[in-house]
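Worksheet: one structure, shown below.
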Amino acid sequence: MTALLALEDVHYRWPGQDAPCLEIARLQVAADEQVFIHGASGSGKSTLLNLLAGVLVPQRGRVEALGQPLSQLTAAARDRFRVDHVGLIFQQFNLIPYLSVLDNVLLPCRFSARRRQRALESAASLHEAAGALLAHLDLAPEMWRRNATRLSVGQQQRVAAARALIGRPEIVIADEPTSALDAARQDAFLDLLRRECAAARAALLFVSHDQRLAAHFSRRLDMAELNRAAGATS
Amino acid sequence: MNHLLPLALKSAWNRRYTLSLTLIAIALSVTLLLGIERLRQDARAGFAQAISGTDLVVGARSSPVQLMLYAVFRLGEATQNLGWDSVQALAAHPAVAWTIPLSLGDSHRGYPVLGTTPAYFKHFRHGDKQALRLAQGKPFAGLFETVLGAEAAQRLGYRLGDRITLAHGLGDSGLTEHGDKPFTVVGILARTGTPVDRTVHIGLEAMEAIHLDWQGGAPLRGLTIPPELVRKFDLTPKAVTAVLVGLKTRTGVFAMQRYLSNYRGEPLMAVLPGVALSQLWDMLTVAEHALLAISALVVAVSFAGLVAVVLAGLGERRRELAILRANGARPRDLFTLLALEGSAITLAGAVTGALLLTALTAALGPWVEAHYGLALRTALPSPEELQLLAWVVGVGTLASLLPGYRAYRLSLADGLTPRV
Ligand SMILES: Nc1ncnc2c1ncn2[C@@H]1O[C@H](COP(=O)(O)OP(=O)(O)OP(=O)(O)O)[C@@H](O)[C@H]1O
Ligand SMILES: [Mg+2]
């Protein structure tokens, strides 16, 4: 079986820098897999996720996702691929302040017909699909119409998770989504996220420098081992 | 595009205070631009309406523009006159229907005094061939009687029966008065919106009478002729400044013009008022263009404001743009989003500005007409104004491409995580 994600001999150097920041010989992630990626600050975790999401293109090597050579697509095609197949959660500031919780969750369905269509497979309407996800993530209906800024940080992260999952993308990428939460909230959020990714049959790539969270995952990747670039600081 | 519109609207609503300030700035500058353009057109129309129905203006040979300046606008001092025998010959010419002799040179408290004949009230036309109308009283009949233009009467507060004295020469002060021969106001003309409103009208004989005891611009020493005695003198004028001529048929106008330029008695000149007026107007176009250029600059400044506001807002919106991009918006969508916003504000500003101008002219039109004799139109935008509006919207849209392009570049550089 071909891997969901595959990196082959990838070199990435940020523009204006002499040394590459990322050198990865080989990395494969299977469908449904949940991977924990950890490493020190500046070790290239975010850079790696940007390569996997098709935002950045390596100077050398191949990035393949769902059998498509991501690194050879045009910028427009990579944008299309990302909204169709990838859900993203960041450390903070995930939500658009002037949109309601529901509108924030439905954002990918605005831009991707595929996400819209897949969301409607399991629900009668887009609102119902978003509502189901929000309910699963423990967000009460009275919050749904509220402005996104009027939620706690933990609630905002759960809204971001619902948005990453709507329309069942094959890949969910989370870049330190729990670092703004306290320990108890971190565990609860992580459990919810893992459960929902499994339910949606999405692969989860979870980045954190917090080793404590590694226990939740069966597969762990250490950037120190994965990234062979001399330029990577650690 | 369709999926961007609700986003653009919600985003704009979120920043409604800044955006409405920008909109107001654009609306005001558009009002100014259109207002100046309209004033210009209305002034030009008013200018062309100063005289109508007159086929030729005849004077001593000088420059046509100068002749128009004193014959129509009562400005400046005529240096040369034409003799009374020429005037009589002209009046007797078979092609001529009527003549209005005009004699200038005196003034009353800054307002020009015009010596003329009753034919003036009968034949003079302005605007759309409108005759002069007396608001009060009657035309002058007696020797020391005067008829005032509407503005002169109103500004100086004169009523029928008031007695006024005229001054020798033009200007406001330092003039010698014809103090011994006062005039009685017997008529006040209705407002015309032309230089007639500023004119003090007296008979040609009266003009002659007040200068009997004068010579070379100064009173004769030791000789004064009291008003009771002037009738004993011959009051036939010796010369006048200009003559307005109406022909029996307009077709003869060029033949008449040629006849007058070759006139045997003295060097004469005959000009077609329409042609000379547009020449005169062309001399004023420099000022006119400067005014328009200034208002265009004001519009440019308000667009610079628009671009600055949107660009400055972009710093704060960088996060918003990165989130949109992470959730499927392409850089080109973000470009559209910002360009859409800028052009929508420009369009709204232009429309608001045009409406504001309409409201202003409707509200202030009567006042401006009463005080400045300038008739403002409260009409729909003319083709010229629409063209100006189209320019404004076009330039505004172009200006908003700049923030759009900046958003595009930022979203490419930032990727999914905004670097603020
Ligand atoms: N936009 C950029 N331009 C240039 N260099 C960059 C840029 N972003 C990151 N880098 C460099 O790339 C290297 C890796 O950065 P990256 O953001 O991937 O680290 P990280 O592992 O995610 O760190 P953190 O845990 O602090 O988020 C760093 O040395 C950084 O200086
Ligand atoms: Mg990072």
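By convention here, the chains of the structure tokens are called A, B, ... in the order presented, each chain's residues are numbered starting at 1, and ligands are numbered starting at 1 in the order presented.
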
May I have a table of the residues of chain A lying at most 6 Å from ligand 1, giving each one's closest pair of atoms and their distance in Å to one decimal, counting only C-alpha atoms and all ligand atoms, ordered by chain and ascending residue number, as a tab-separated table?
```
residue	atom	partner	partner_atom_place_in_ligand_line	distance
A:Trp14	CA	ligand 1	4 (C)	4.9
A:Cys21	CA	ligand 1	13 (C)	5.5
A:Ala40	CA	ligand 1	25 (O)	5.8
A:Ser41	CA	ligand 1	25 (O)	3.4
A:Gly42	CA	ligand 1	19 (O)	3.4
A:Ser43	CA	ligand 1	21 (O)	4.0
A:Gly44	CA	ligand 1	18 (O)	3.2
A:Lys45	CA	ligand 1	21 (O)	3.7
A:Ser46	CA	ligand 1	22 (O)	3.7
A:Thr47	CA	ligand 1	18 (O)	3.7
A:Ala232	CA	ligand 1	29 (O)	5.9
A:Thr233	CA	ligand 1	29 (O)	6.0
```

Export, as a compact mmCIF listing (two decimals), in the first residue's frame, the selected residues with C-alpha atoms.
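File again.txt, as written:
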```
# COMPACT_ATOMS: atom_id res chain seq x y z
CA TRP A 14 14.76 29.42 3.62
CA CYS A 21 17.19 24.28 7.59
CA ALA A 40 13.53 21.86 20.21
CA SER A 41 12.51 25.30 19.14
CA GLY A 42 14.03 26.10 15.76
CA SER A 43 14.57 22.47 14.85
CA GLY A 44 12.39 22.83 11.78
CA LYS A 45 9.04 21.38 12.93
CA SER A 46 6.92 24.16 11.49
CA THR A 47 9.00 24.15 8.33
CA ALA A 232 19.11 23.36 12.15
CA THR A 233 19.65 24.87 15.56
```

- request: Write out as a list in words the residues lying within 9 Å of Val253 (chain B), counting only C-alpha atoms and excluding same-chain residues fewer than 4 positions away.
  value: Asp55, Leu56, Leu247, Thr249, Gln257, Arg258 and Leu272 of chain B

Please report as CSV every residue of region 317-415 of chain B lying within 12 Å of region 89-107 of chain A, along with the nearest atom pair and their distance in Å (one decimal), using only C-alpha atoms.
```
residue,atom,partner,partner_atom,distance
B:Arg317,CA,A:Ile96,CA,9.8
B:Arg318,CA,A:Ile96,CA,11.1
B:Arg319,CA,A:Phe93,CA,7.5
B:Glu320,CA,A:Ile96,CA,5.9
B:Leu321,CA,A:Ile96,CA,9.0
B:Ala322,CA,A:Asn94,CA,9.3
B:Ile323,CA,A:Asn94,CA,6.4
B:Leu324,CA,A:Leu107,CA,7.9
B:Arg325,CA,A:Leu107,CA,10.3
B:Ala326,CA,A:Ile89,CA,9.0
B:Asn327,CA,A:Leu107,CA,6.4
B:Gly328,CA,A:Leu107,CA,8.0
B:Ala329,CA,A:Leu107,CA,9.2
```

Go ahead and write the residues just picked, N, CA and C atoms, as an mmCIF file, in the first residue's frame.
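Result file again.cif:
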```cif
data_model
loop_
_atom_site.group_PDB
_atom_site.id
_atom_site.type_symbol
_atom_site.label_atom_id
_atom_site.label_comp_id
_atom_site.auth_asym_id
_atom_site.auth_seq_id
_atom_site.Cartn_x
_atom_site.Cartn_y
_atom_site.Cartn_z
ATOM 1 N N ARG B 317 -4.540 43.170 9.789
ATOM 2 C CA ARG B 317 -5.339 42.116 9.157
ATOM 3 C C ARG B 317 -4.478 40.952 8.679
ATOM 4 N N ARG B 318 -3.175 41.056 8.901
ATOM 5 C CA ARG B 318 -2.271 40.038 8.400
ATOM 6 C C ARG B 318 -2.636 38.664 8.943
ATOM 7 N N ARG B 319 -3.011 38.654 10.223
ATOM 8 C CA ARG B 319 -3.394 37.405 10.861
ATOM 9 C C ARG B 319 -4.647 36.846 10.197
ATOM 10 N N GLU B 320 -5.614 37.751 10.006
ATOM 11 C CA GLU B 320 -6.866 37.362 9.359
ATOM 12 C C GLU B 320 -6.592 36.760 7.977
ATOM 13 N N LEU B 321 -5.690 37.404 7.237
ATOM 14 C CA LEU B 321 -5.388 36.922 5.889
ATOM 15 C C LEU B 321 -4.711 35.560 5.933
ATOM 16 N N ALA B 322 -3.818 35.370 6.914
ATOM 17 C CA ALA B 322 -3.134 34.085 7.031
ATOM 18 C C ALA B 322 -4.134 32.983 7.380
ATOM 19 N N ILE B 323 -5.097 33.297 8.251
ATOM 20 C CA ILE B 323 -6.109 32.301 8.608
ATOM 21 C C ILE B 323 -6.932 31.933 7.375
ATOM 22 N N LEU B 324 -7.327 32.965 6.631
ATOM 23 C CA LEU B 324 -8.103 32.703 5.415
ATOM 24 C C LEU B 324 -7.316 31.808 4.468
ATOM 25 N N ARG B 325 -6.032 32.112 4.345
ATOM 26 C CA ARG B 325 -5.212 31.334 3.417
ATOM 27 C C ARG B 325 -5.061 29.903 3.898
ATOM 28 N N ALA B 326 -4.884 29.706 5.203
ATOM 29 C CA ALA B 326 -4.751 28.354 5.743
ATOM 30 C C ALA B 326 -6.037 27.568 5.527
ATOM 31 N N ASN B 327 -7.143 28.282 5.358
ATOM 32 C CA ASN B 327 -8.410 27.589 5.185
ATOM 33 C C ASN B 327 -8.926 27.639 3.765
ATOM 34 N N GLY B 328 -8.002 27.805 2.843
ATOM 35 C CA GLY B 328 -8.378 27.589 1.453
ATOM 36 C C GLY B 328 -8.429 28.812 0.571
ATOM 37 N N ALA B 329 -8.320 30.030 1.143
ATOM 38 C CA ALA B 329 -8.308 31.200 0.278
ATOM 39 C C ALA B 329 -6.984 31.234 -0.466
#
```

- request: Please provide the set of residues having any atom within 7 Å of region 301-307 of chain B, restricted to only C-alpha atoms, with same-chain residues fewer than 3 positions apart removed, written as a VMD selection string.
  value: chain B and resid 22 25 to 26 29 297 to 298 310 to 311 396 399 to 400 403

- prompt: Contacts of Gly246 (chain B) at 9 Å or less, counting only C-alpha atoms, minus same-chain residues fewer than 2 places along, as a PyMOL selection string?
  reply: chain B and resi 53-56+95-100+123+244+248-250

How would the residues just picked look written out with N, CA and C atoms as a short mmCIF file (atom, residue, chain, number, x, y, z; two decimals), in the first residue's frame?
```
data_model
loop_
_atom_site.label_atom_id
_atom_site.label_comp_id
_atom_site.auth_asym_id
_atom_site.auth_seq_id
_atom_site.Cartn_x
_atom_site.Cartn_y
_atom_site.Cartn_z
N GLY B 53 -29.55 88.32 -28.52
CA GLY B 53 -30.44 89.07 -29.40
C GLY B 53 -29.77 90.27 -30.06
N THR B 54 -28.53 90.59 -29.61
CA THR B 54 -27.78 91.67 -30.25
C THR B 54 -26.93 91.06 -31.35
N ASP B 55 -27.03 91.63 -32.56
CA ASP B 55 -26.30 91.03 -33.68
C ASP B 55 -24.87 91.53 -33.75
N LEU B 56 -24.67 92.82 -33.45
CA LEU B 56 -23.31 93.37 -33.52
C LEU B 56 -23.10 94.36 -32.38
N ALA B 95 -30.53 98.20 -43.19
CA ALA B 95 -30.52 96.84 -42.65
C ALA B 95 -30.72 96.82 -41.13
N VAL B 96 -30.61 97.99 -40.51
CA VAL B 96 -30.62 98.04 -39.05
C VAL B 96 -32.04 98.19 -38.51
N ALA B 97 -32.41 97.33 -37.56
CA ALA B 97 -33.74 97.39 -36.95
C ALA B 97 -33.75 98.34 -35.76
N TRP B 98 -32.73 98.24 -34.92
CA TRP B 98 -32.66 99.13 -33.76
C TRP B 98 -31.21 99.32 -33.34
N THR B 99 -30.94 100.39 -32.60
CA THR B 99 -29.61 100.60 -32.03
C THR B 99 -29.77 101.03 -30.58
N ILE B 100 -28.82 100.62 -29.75
CA ILE B 100 -28.78 101.07 -28.36
C ILE B 100 -27.41 101.70 -28.13
N HIS B 123 -35.19 96.98 -26.32
CA HIS B 123 -34.55 96.02 -27.20
C HIS B 123 -33.49 95.14 -26.55
N LEU B 244 -25.03 98.94 -29.43
CA LEU B 244 -25.54 97.59 -29.69
C LEU B 244 -26.49 97.70 -30.87
N LYS B 248 -32.34 93.72 -39.14
CA LYS B 248 -33.68 93.25 -39.55
C LYS B 248 -33.64 91.76 -39.83
N THR B 249 -32.57 91.31 -40.52
CA THR B 249 -32.40 89.86 -40.71
C THR B 249 -30.97 89.50 -40.31
N ARG B 250 -30.84 88.37 -39.63
CA ARG B 250 -29.53 87.95 -39.14
C ARG B 250 -28.56 87.66 -40.28
#
```

field: Members of region 39-121 of chain B assigned alpha helix (DSSP H) by DSSP, as a VMD selection string
entry: chain B and resid 39 to 48 64 to 71 84 to 92 119 to 121

message: Could you tell me how far CA of Phe121 (chain B) sits from CA of Asp180 (chain B), in Å to one decimal place?
response: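 Separation between CA of Asp180 (chain B) and CA of Phe121 (chain B): 27.4 Å.
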
- request: Tell me, as a PyMOL selection string, which residues lie within 10 Å of Gly61 (chain A), counting only C-alpha atoms; anything in the same chain fewer than 2 positions away does not count.
  value: chain A and resi 7-12+23-26+57-59+63-64+71

message: What's around region 154-163 of chain A at 6 Å? Count only C-alpha atoms, leave out sequence neighbours fewer than 2 positions away in its own chain, and write the answer as a PyMOL selection string.
response: chain A and resi 89+105+133+151-152+165-166

message: Using only C-alpha atoms and a distance of at most 6 Å, pull out the residues of chain A that contact chain B, as a PyMOL selection string.
response: chain A and resi 83+96+108+111

task: Kindly indicate which residue among B:Gly342, B:Gly179, B:Gly315, B:Gly59 lies nearest to Thr224 (chain B), using only C-alpha atoms for the distances.
output: B:Gly179

- request: Apply DSSP to the structure's backbone, then extract all residues of region 85-231 of chain A labelled strand (DSSP E) and return them as a VMD selection string.
  value: chain A and resid 86 to 89 171 to 175 203 to 207 219 to 222

Create the file for the chosen residues now, containing C-alpha atoms and written as a PDB file, in the first residue's frame.
```
ATOM      1  CA  VAL A  86      -5.650  19.096   4.741  1.00  0.00           C
ATOM      2  CA  GLY A  87      -7.060  20.492   7.981  1.00  0.00           C
ATOM      3  CA  LEU A  88      -4.794  22.842   9.954  1.00  0.00           C
ATOM      4  CA  ILE A  89      -4.687  23.885  13.601  1.00  0.00           C
ATOM      5  CA  ILE A 171      -4.708  14.841   6.749  1.00  0.00           C
ATOM      6  CA  VAL A 172      -4.950  16.921   9.918  1.00  0.00           C
ATOM      7  CA  ILE A 173      -1.885  18.966  10.812  1.00  0.00           C
ATOM      8  CA  ALA A 174      -1.645  20.489  14.266  1.00  0.00           C
ATOM      9  CA  ASP A 175       1.236  22.831  15.121  1.00  0.00           C
ATOM     10  CA  ALA A 203      -4.118  10.982   9.649  1.00  0.00           C
ATOM     11  CA  LEU A 204      -2.941  13.281  12.445  1.00  0.00           C
ATOM     12  CA  LEU A 205       0.424  15.020  12.472  1.00  0.00           C
ATOM     13  CA  PHE A 206       0.831  16.585  15.861  1.00  0.00           C
ATOM     14  CA  VAL A 207       3.779  18.853  16.620  1.00  0.00           C
ATOM     15  CA  ARG A 219       4.401   6.727  16.739  1.00  0.00           C
ATOM     16  CA  ARG A 220       6.840   9.464  17.752  1.00  0.00           C
ATOM     17  CA  LEU A 221       9.325  11.322  15.603  1.00  0.00           C
ATOM     18  CA  ASP A 222      12.258  13.248  17.030  1.00  0.00           C
TER      19      ASP A 222
END
```
